[in-house]
Amino acid sequence: MPTFVSMFRGINVGGSRPLKMDRLRQIHEDLGFRRVRTYVKSGNAVFEAGEDAGRHAGSLERRILRDCGFEVPVVVRTSAEMTAAFRANPLLGRPGRDPRFLHATFLAGAGKSPSLDGVALPLASGEEAVLLGDVVYLYCPHGYGITKINNTFFERKLAVKATTRNRRTVTALEAKARGESP
């Protein structure tokens with residue numbers, strides 16, 4: 001059975017839309033997903049299920065709305081897609097780049113290949129953004145919390161759902177999806 005990673009945007013962040021990880025795990029299991037494992041308290045899970053990642057995201061969104069009363073965008077990736085995203089980061093290993101400031105914004109629901117062509121990026125000094133496929137790789141040396149190239153920016157400009165994870169979380173989720181301990 002394939003392994004997937006679900007990433008929820010906007011739960012357990014600063015007390016907004018709280019959702020305990022045991023409840024998140026139960027929601028996955030109620031939908032028939034197996035071997036559900038959560039990672040940190042910010043809405044990440046690794047699970048096994050049938051083939052269709054797109055349907056999994058919609059099912060999770062509807063269940064959160066029904067059971068918890070709030071709309072939460074969910075991005076689901078296969079284990080192979082997480083490994084590809086992890087390995088493809090063009091900003092990793094560049095001289096002078098501190099990996100603590102690397103992030104990946106996962107895009108979903110575009111219907112076509114998203115593009116940053118013609119999009120004016122509000123980059124602060126030292127920031128970078130590179131779109132490869134459905135992942136925007138970010139370098140935010142002043143911190144992700146203050147950058148203007150955030151989830152909301154990409155959702156508006158590209159008409160997609162977006163959720164961002166730092167390099168450490170991407171690394172851990174990718175390892176968990178492959179069956180390793182982070």
# chains A, B, ... in the order shown; residues from 1 in each chain; ligands from 1
>>> residues_around(residues="Ile27 of chain A", least_positions_apart="5", cutoff="10 Å", atoms="only C-alpha atoms", output="compact mmCIF listing (two decimals) with C-alpha atoms, in the first residue's frame")
# COMPACT_ATOMS: atom_id res chain seq x y z
CA MET A 21 -2.12 15.25 17.08
CA ASP A 22 -3.97 12.26 18.54
CA GLY A 32 -9.48 4.22 6.50
CA PHE A 33 -5.84 5.28 6.33
CA VAL A 36 -0.74 6.83 10.69
CA SER A 59 -11.34 13.81 2.23
CA LEU A 60 -9.16 15.19 5.01
CA ARG A 63 -13.53 15.69 7.66
CA ILE A 64 -11.74 18.54 9.48
CA ASP A 67 -15.57 17.34 12.87
>>> select_by_dssp(residues="chain A", states="alpha helix (DSSP H)", output="JSON, numbers by chain")
{"A": [21, 22, 23, 24, 25, 26, 27, 28, 29, 30, 53, 54, 55, 56, 57, 58, 59, 60, 61, 62, 63, 64, 65, 66, 67, 68, 79, 80, 81, 82, 83, 84, 85, 86, 87, 88, 151, 152, 153, 154, 155, 156, 157, 158, 167, 168, 169, 170, 171, 172, 173, 174, 175, 176, 177]}
>>> residues_around(residues="segment 113-130 of chain A", least_positions_apart="2", cutoff="8 Å", atoms="only C-alpha atoms", output="list of chain:residue names")
A:Pro90, A:Ala110, A:Gly111, A:Leu132, A:Gly133, A:Asp134, A:Val136, A:Tyr137, A:Leu138, A:Tyr139, A:Cys140, A:Pro141, A:Thr147, A:Lys148, A:Ile149, A:Lys157, A:Leu158
>>> atom_distance(atom1="atom CA of Leu24 of chain A", atom2="atom CA of Tyr39 of chain A")
10.7 Å
>>> select_by_dssp(residues="segment 2-181 of chain A", states="strand (DSSP E)", output="VMD selection string")
chain A and resid 3 to 8 34 to 38 44 to 48 74 to 78 102 to 108 128 to 132 135 to 139 161 to 166
>>> closest_residue(among="A:Lys41, A:Lys112, A:His28, A:His142", to="Val5 of chain A", atoms="only C-alpha atoms")
A:His28
>>> residues_around(residues="Arg35 of chain A", least_positions_apart="5", cutoff="12 Å", atoms="only C-alpha atoms", output="MDAnalysis selection string")
chainID A and resid 1:5 25:26 28:29 45:49 176:177 179
>>> closest_residue(among="A:Ala88, A:Ser6, A:Arg156, A:Ala172", to="Glu61 of chain A", atoms="only C-alpha atoms")
A:Ser6
>>> closest_residue(among="A:Ala108, A:Phe70, A:Leu92, A:Arg97", to="Arg55 of chain A", atoms="only C-alpha atoms")
A:Ala108
>>> residues_around(residues="Arg17 of chain A", least_positions_apart="4", cutoff="10 Å", atoms="only C-alpha atoms", output="list of chain:residue names")
A:Gly10, A:Ile11, A:Asn12, A:Val13, A:Cys68, A:Gly69, A:Phe70, A:Glu71, A:Val72
